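Worksheet for the structure shown next.
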Amino acid sequence: MSCHIDIYLEGRWQTAATFAPYRTTLEKGTEGECRLEYNVDYAVENLGHPEAELVPGLTVGFELFKFDFWPPFLVDLLPSGAGRRTWLRRMQIAKDGSQVDWHMLVKGSGCPPGHLRITEAVQPPPPDQFKNGFPRTDILEQRENFLEYAAERGAHVAGASSVQGEAPKYLLIEDAAGMFHAEGALSDDKAARFWLVKFPRGKRTDARNQQVLKNEAPYLEVARQFGIRTGVPLVYENNTLFVPRFDRVIDNGRVIRYGMHSLYALAGIPGFGASVHHDIYCKALAKHATDPANELREYILRDVLNLALRSTDNHGRNSAVLRIDGQIALSPVYDIAPMFLDPEGINRVTRWEDERPGSQPEWGRICEKLSYALAPLEDRAWIASLSDKVKALPDVMRGCLVDDEIIERLASWINEVARGLESAKP
């Protein structure tokens, strides 16, 4: 049993590699032994070219790679959460488990984010009755025909998460006439904009989940003013969040697909929801990023804001790197939201190695540990200087139209985070 991995490189899809789990370990899913090798023709043409690597560090060549677990970049391609449940229904599989992972890979990984896909999962064009797409109102009203269409075309996807009940998410393309299509159902020459469309987690009537989704767009604007790398503003309407995608760009009528890898993939962390310290992700960034010091400062800045705003669902698939024109850097921030409001009670998922629950990170010690890429004294002073920016967050949040209730609930905590930052002074 094997499948093929395509990469979008030099303006076209190319079959780059063959992946195969050992038959005896197939039922172990992503935990099973497997092998991967670049296809000979692809390797000859791209030998030693970093941009042609499926994931940073997997050098293009003639080596047969053997793994005890599925390569984490492949796990990025798998439908999961709400999307996985949709695929289970489509495949009429009653019981989920690791034995389903292979089917998910070869059926549901035809249009994932980034510039990779599984050849066997690419679907044929949609039936004629769907060629005109759907108007925006169908999405906002969650009409039954749209939901059925999305499920048929595999548009119902969700990023991997360590918790259950994730928000339904759709990868959609808007054409020049303003009609929406599932990704993969519209040719590149007709694409005008690429969207990720999100609905609230849990039940549609759950006020807390609605509040979390509603405040994601304002939270992104707070991040922008805080100095964090951000993309185009989000659009919230009628309990629906429209997220412009940054892994797709249209340039002179041509779609460009950027390489996008989660921090799980960059750090080589197997499986779906492993508990990993920030320290591990920082080492991976320092190893692969084009400008390690700049990316580590960006990473710290994001964690400071996540901590202050209690955007607690900060697992390794809620952060990613982009590969653009040979440069590797953190993508614009995404999935930043007041997750502390979630009814399921999501605690801060990723912490620093020495961070104790309920306590502030020891920022001075963190700078010392990151001295392989940072200048400890200089960066300790920089982190301490962030205290004033954190103290100003309530006013920034009001200006960005974050709900007053959230600002009030975070006020004392924000002051505590600010005091923790001041302790970093050299």
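In the structure tokens, each chain is lettered A, B, ... as it comes, each chain's residues begin at 1, and ligands are numbered from 1 in order of appearance.
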Which residues are near Ala424 in chain A? Cut-off 9 Å, only C-alpha atoms, ignore same chain within fewer than 2 positions. Put them as an MDAnalysis selection string.
chainID A and resid 362:365 367 379:384 420:422 426
Nearby residues (only C-alpha atoms) at most 9 Å from range 91-100 of chain A, same-chain spacing under 2 positions excluded, as a list in words
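Here the qualifying residues turn out to be Leu26, Glu27, Lys28, Gly29, Thr30, Glu31, Arg85, Thr86, Trp87, Leu88, Arg89, Trp102, His103, Met104, Leu105 and Lys107 of chain A.
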Neighbours of Ala418 in chain A within 8 Å (only C-alpha atoms; same-chain residues fewer than 3 positions away dropped), as an MDAnalysis selection string?
chainID A and resid 386:388 390:391 414:415 421:422
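If you look at CA of Arg35 in chain A and CA of Ala17 in chain A, they are 10.5 Å away from each other.
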Residues of range 52-252 of chain A in strand (DSSP E) according to DSSP, as a PyMOL selection string?
chain A and resi 64-67+116-118+156-157+169-175+180-182+191-198+235-237+240-244+248-251
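Separating CA of Phe246 in chain A from CA of Ala265 in chain A is a distance of 18.4 Å.
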